[in-house]
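Presented below is the structure to which this report refers.
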Amino acid sequence: RRLTVAGVRLEPQLREMLKEPAQSLRRGGLVAFPTETVYGLGANALDEEAVRRIFAAKERPRDNPLIVHIAHEEQLRDVIDEAQPLDADAVRLMRAFWPGPLTLLLPAGAALAPSVHPGQPLVGVRMPDHPVARALIAEAGVPIAAPSANRSGRPSPTTADDVEADLAGRIEWIVDGGACPVGVESTVLLLEPDSARILRPGGVTQEMIASVIDRPVLYAADAFDAAAAPVAPGMKYRHYAPNARVHVWWGDPAAIDEAMRAFLLEEVQDGEPMVPALIAPDDFVRRFGWALSEHRQAALPASAYAEELARHLYRLLRAFDRAGATDVLVHGVDPAHGLGAAVMNRLHKAASGRVRWVG
Ligand code: TXA
Ligand code: MG
């Protein structure tokens with residue numbers, strides 16, 4: 001069943017509207033809901049049976065741990081091991097970035113369903129910055145385990161329609177709260193004795209984390225290298241990938257122009273006629289968009305390109321598959337700044353190696 005709450009923001013009103021899906025969660029049901037990053041597929045994190053259903057619905061490998069979502073700090077009590085002292089930097093990070101797109105890996109509590117963190121002593125926890133997510137979790141009254149609400153291997157969904165395309169008939173509820181504002185998943189952070197390691201770059205950037213804690217903030221070795229050995233258990237699987245081949249260029253703007261234009265004018269890829277699609281800043285698309293059908297081009301505002309690319313990337317990859325594209329050409333961004341790290345990390349995975357630096 002689908003329930004639309006898009007546009008409603010007041011907590012009491014949302015809680016009233018979300019009573020049925022919240023009750024479904026309490027009884028072991030699966031409910032897809034919007035967060036500020038992507039749509040999540042939620043189940044009661046304390047109910048092993050319910051959590052196992054998530055893996056079945058998504059066709060997700062059983063060794064890939066889930067993130068637990070809470071609505072308020074008191075819910076941490078049910079999720080983490082309270083016998084262990086909380087890392088002081090974890091507390092600083094919660095104060096600075098919760099609610100928000102930061103997942104902290106913390107010692108897992110005994111009440112959690114074991115399948116939430118298979119074979120892992122740590123559990124990922126975050127407090128989403130979305131009124132619908134928080135109202136639903138608060139109304140359910142239990143912490144909610146929620147991976148992204150896509151079939152495993154596909155791009156994460158950032159709209160309720162994209163959830164429906166992947167999971168219709170497999171879950172109890174889809175709560176439609178409109179498009180997700182950030183568009184890429186949360187930052188996953190591991191606090192190690194002498195450093196903090198970003199296992200997955202996301203909405204809370206390296207600079208933001210470094211501004212709050214004294215430990216050096218490093219990236220996992222596989223963050224921008226599709227060939228490196230994965231660090232987070234989930235990162236070893238094919239990810240974020242549409243059916244079309246994805247190609248990415250980044251580096252010197254003039255060189256990107258030149259290289260993308262040349263590629264766009266090729267007619268054959270891998271021995272077959274190419275049906276190209278394009279994601280680029282609006283000024284680039286104005287110059288080269290004539291080479292493609294309107295359904296296969298996206299012109300994003302150049303003034304906030306990295307943010308816009310993050311917000312629209314997954315939706316566009318899905319739409320271009322439906323439009324029959326064989327190759328999606330993406331104007332990349334500098335991973336050294338802001339959301340660029342998160343976007344380029346996802347593009348590396350989606351493009352499986354077809355990322356070109358030009359300068
Ligand atoms: O923004 C998000 O984080 C979204 C929304 C729904 O909140 N959720 C999400 O969940 O992206 P999922 O399951 O698609 O990605 C979770 C990532 C995986 O790469 C997983 O391996 C990593 O977090 N992870 C979770 N728990 C972990 C743990 N205990 N140790 C290491 N990595 C962990
Ligand atoms: Mg996912």
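Going through the structure tokens in order, the chains are called A, B, and so on, while each chain numbers its residues from 1 and the ligands are numbered from 1 in the order shown.
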
Considering only C-alpha atoms and all ligand atoms, give me a table of residues in chain A that are at most 6 Å from ligand 1, with the closest atom pair and distance in Å for each, as a tab-separated table.
residue	atom	partner	partner_atom_place_in_ligand_line	distance
A:Thr37	CA	ligand 1	1 (O)	4.8
A:Val38	CA	ligand 1	5 (C)	5.3
A:Tyr39	CA	ligand 1	6 (C)	5.2
A:Gly40	CA	ligand 1	6 (C)	3.5
A:Asn64	CA	ligand 1	21 (O)	5.3
A:Pro65	CA	ligand 1	26 (N)	4.4
A:Leu66	CA	ligand 1	13 (O)	4.7
A:Ile67	CA	ligand 1	25 (C)	5.1
A:Leu105	CA	ligand 1	29 (N)	5.9
A:His117	CA	ligand 1	29 (N)	5.5
A:Gln120	CA	ligand 1	29 (N)	5.5
A:Leu122	CA	ligand 1	29 (N)	4.4
A:Val123	CA	ligand 1	29 (N)	4.0
A:Gly124	CA	ligand 1	26 (N)	4.3
A:Ala146	CA	ligand 1	6 (C)	5.5
A:Pro147	CA	ligand 1	13 (O)	3.3
A:Ser148	CA	ligand 1	14 (O)	4.1
A:Glu185	CA	ligand 1	1 (O)	3.4
A:Ser186	CA	ligand 1	1 (O)	3.7
A:Val188	CA	ligand 1	23 (O)	6.0
A:Ala232	CA	ligand 1	32 (N)	4.4
A:Pro233	CA	ligand 1	21 (O)	4.3
A:Gly234	CA	ligand 1	21 (O)	3.2
A:Met235	CA	ligand 1	19 (O)	5.1

Notebook entry, point to check: If you count only C-alpha atoms, which residues fall within 8 Å of A:Val163, apart from same-chain ones fewer than 3 positions away, as a ChimeraX atom specification?
Noted result: /A:32,39,149-150,157-160,166-168,174

Next item on the list: Can you list, as a ChimeraX atom specification, all residues belonging to stretch 48-130 of chain A that DSSP tags as helix (DSSP H, G or I)?
Entry: /A:48-58,73-78,88-97,114-116

Residue subset to file, keeping N, CA and C atoms, as an mmCIF file, in the first residue's frame:
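Dumped to out.cif:
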data_model
loop_
_atom_site.group_PDB
_atom_site.id
_atom_site.type_symbol
_atom_site.label_atom_id
_atom_site.label_comp_id
_atom_site.auth_asym_id
_atom_site.auth_seq_id
_atom_site.Cartn_x
_atom_site.Cartn_y
_atom_site.Cartn_z
ATOM 1 N N GLU A 48 14.140 -10.200 14.782
ATOM 2 C CA GLU A 48 14.987 -10.953 13.836
ATOM 3 C C GLU A 48 14.222 -11.386 12.583
ATOM 4 N N GLU A 49 12.986 -11.861 12.806
ATOM 5 C CA GLU A 49 12.163 -12.319 11.678
ATOM 6 C C GLU A 49 11.940 -11.190 10.661
ATOM 7 N N ALA A 50 11.605 -10.013 11.193
ATOM 8 C CA ALA A 50 11.339 -8.850 10.330
ATOM 9 C C ALA A 50 12.600 -8.443 9.573
ATOM 10 N N VAL A 51 13.736 -8.443 10.271
ATOM 11 C CA VAL A 51 14.985 -8.030 9.632
ATOM 12 C C VAL A 51 15.366 -9.000 8.520
ATOM 13 N N ARG A 52 15.120 -10.287 8.740
ATOM 14 C CA ARG A 52 15.424 -11.262 7.671
ATOM 15 C C ARG A 52 14.594 -11.004 6.426
ATOM 16 N N ARG A 53 13.381 -10.509 6.620
ATOM 17 C CA ARG A 53 12.538 -10.218 5.457
ATOM 18 C C ARG A 53 13.132 -9.110 4.589
ATOM 19 N N ILE A 54 13.873 -8.179 5.203
ATOM 20 C CA ILE A 54 14.537 -7.124 4.417
ATOM 21 C C ILE A 54 15.487 -7.755 3.407
ATOM 22 N N PHE A 55 16.307 -8.699 3.885
ATOM 23 C CA PHE A 55 17.296 -9.333 2.998
ATOM 24 C C PHE A 55 16.598 -10.057 1.844
ATOM 25 N N ALA A 56 15.468 -10.709 2.153
ATOM 26 C CA ALA A 56 14.741 -11.435 1.113
ATOM 27 C C ALA A 56 14.151 -10.456 0.090
ATOM 28 N N ALA A 57 13.505 -9.382 0.564
ATOM 29 C CA ALA A 57 12.843 -8.441 -0.351
ATOM 30 C C ALA A 57 13.846 -7.773 -1.283
ATOM 31 N N LYS A 58 15.015 -7.439 -0.759
ATOM 32 C CA LYS A 58 16.036 -6.751 -1.559
ATOM 33 C C LYS A 58 16.921 -7.703 -2.338
ATOM 34 N N GLU A 73 17.725 10.636 20.775
ATOM 35 C CA GLU A 73 18.901 10.033 21.403
ATOM 36 C C GLU A 73 18.574 8.919 22.390
ATOM 37 N N GLU A 74 17.419 9.006 23.062
ATOM 38 C CA GLU A 74 17.094 7.948 24.040
ATOM 39 C C GLU A 74 17.033 6.571 23.385
ATOM 40 N N GLN A 75 16.709 6.540 22.086
ATOM 41 C CA GLN A 75 16.608 5.237 21.412
ATOM 42 C C GLN A 75 17.965 4.551 21.246
ATOM 43 N N LEU A 76 19.050 5.299 21.451
ATOM 44 C CA LEU A 76 20.381 4.679 21.383
ATOM 45 C C LEU A 76 20.482 3.520 22.370
ATOM 46 N N ARG A 77 19.775 3.651 23.476
ATOM 47 C CA ARG A 77 19.817 2.646 24.546
ATOM 48 C C ARG A 77 19.478 1.236 24.039
ATOM 49 N N ASP A 78 18.550 1.157 23.095
ATOM 50 C CA ASP A 78 18.160 -0.160 22.563
ATOM 51 C C ASP A 78 19.125 -0.665 21.489
ATOM 52 N N ALA A 88 34.354 9.647 23.042
ATOM 53 C CA ALA A 88 34.068 11.082 23.188
ATOM 54 C C ALA A 88 33.876 11.750 21.825
ATOM 55 N N ASP A 89 34.622 11.305 20.827
ATOM 56 C CA ASP A 89 34.452 11.883 19.494
ATOM 57 C C ASP A 89 33.101 11.488 18.889
ATOM 58 N N ALA A 90 32.621 10.290 19.212
ATOM 59 C CA ALA A 90 31.292 9.891 18.712
ATOM 60 C C ALA A 90 30.236 10.848 19.252
ATOM 61 N N VAL A 91 30.378 11.199 20.533
ATOM 62 C CA VAL A 91 29.421 12.131 21.141
ATOM 63 C C VAL A 91 29.503 13.494 20.451
ATOM 64 N N ARG A 92 30.737 13.972 20.223
ATOM 65 C CA ARG A 92 30.912 15.264 19.525
ATOM 66 C C ARG A 92 30.255 15.228 18.143
ATOM 67 N N LEU A 93 30.434 14.115 17.439
ATOM 68 C CA LEU A 93 29.886 14.016 16.084
ATOM 69 C C LEU A 93 28.360 13.959 16.095
ATOM 70 N N MET A 94 27.802 13.247 17.062
ATOM 71 C CA MET A 94 26.328 13.212 17.180
ATOM 72 C C MET A 94 25.788 14.617 17.430
ATOM 73 N N ARG A 95 26.434 15.331 18.364
ATOM 74 C CA ARG A 95 25.980 16.692 18.684
ATOM 75 C C ARG A 95 26.040 17.588 17.455
ATOM 76 N N ALA A 96 27.101 17.421 16.659
ATOM 77 C CA ALA A 96 27.304 18.315 15.513
ATOM 78 C C ALA A 96 26.420 17.945 14.321
ATOM 79 N N PHE A 97 26.212 16.647 14.073
ATOM 80 C CA PHE A 97 25.633 16.258 12.778
ATOM 81 C C PHE A 97 24.344 15.453 12.841
ATOM 82 N N PRO A 114 20.175 -10.217 15.491
ATOM 83 C CA PRO A 114 21.541 -10.542 15.052
ATOM 84 C C PRO A 114 21.795 -10.240 13.573
ATOM 85 N N SER A 115 20.796 -10.394 12.723
ATOM 86 C CA SER A 115 21.004 -10.178 11.289
ATOM 87 C C SER A 115 21.270 -8.720 10.924
ATOM 88 N N VAL A 116 21.035 -7.788 11.862
ATOM 89 C CA VAL A 116 21.339 -6.381 11.595
ATOM 90 C C VAL A 116 22.838 -6.190 11.409
#

Notebook entry, point to check: In Å, how far is it from atom CA of A:Val68 to atom CA of A:Ile144?
Noted result: 5.5 Å

Next item on the list: Considering only C-alpha atoms, state which residue in the set A:Ala259, A:Ile209, A:Ala351, A:Val125 is at the smallest distance from A:Val246.
Entry: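 Checking each of A:Ala259, A:Ile209, A:Ala351, A:Val125 against A:Val246, counting only C-alpha atoms, the winner is A:Ala351.
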
Next item on the list: Considering only C-alpha atoms and all ligand atoms, state which residue in the set A:Ala221, A:Val355, A:Val184, A:Ile198 is at the smallest distance from ligand 2.
Entry: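 For ligand 2, the nearest of the given residues is A:Val184.
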
Checklist line | Two-atom distance - atom CA of A:Leu190, atom CA of A:Leu104 (Å) | finding: 6.5 Å

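Between ligand 2 and the candidates A:Ala241, A:Ile70, A:Leu218, A:Val285, the tightest atom-to-atom separation, counting only C-alpha atoms and all ligand atoms, involves A:Ala241.
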
Note to self: Let me make sure I understand: among A:Leu41, A:Ala325, A:Ala140, A:Leu10, which one has the smallest atom-to-atom distance to A:Ser152 if we use only C-alpha atoms?
What the structure shows: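 Closest to A:Ser152, using only C-alpha atoms: A:Leu41.
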
Note to self: Just checking: using only C-alpha atoms, which residue out of A:Pro101, A:Pro107, A:Pro61, A:Gly169 ends up closest to A:Arg126?
What the structure shows: A:Pro101
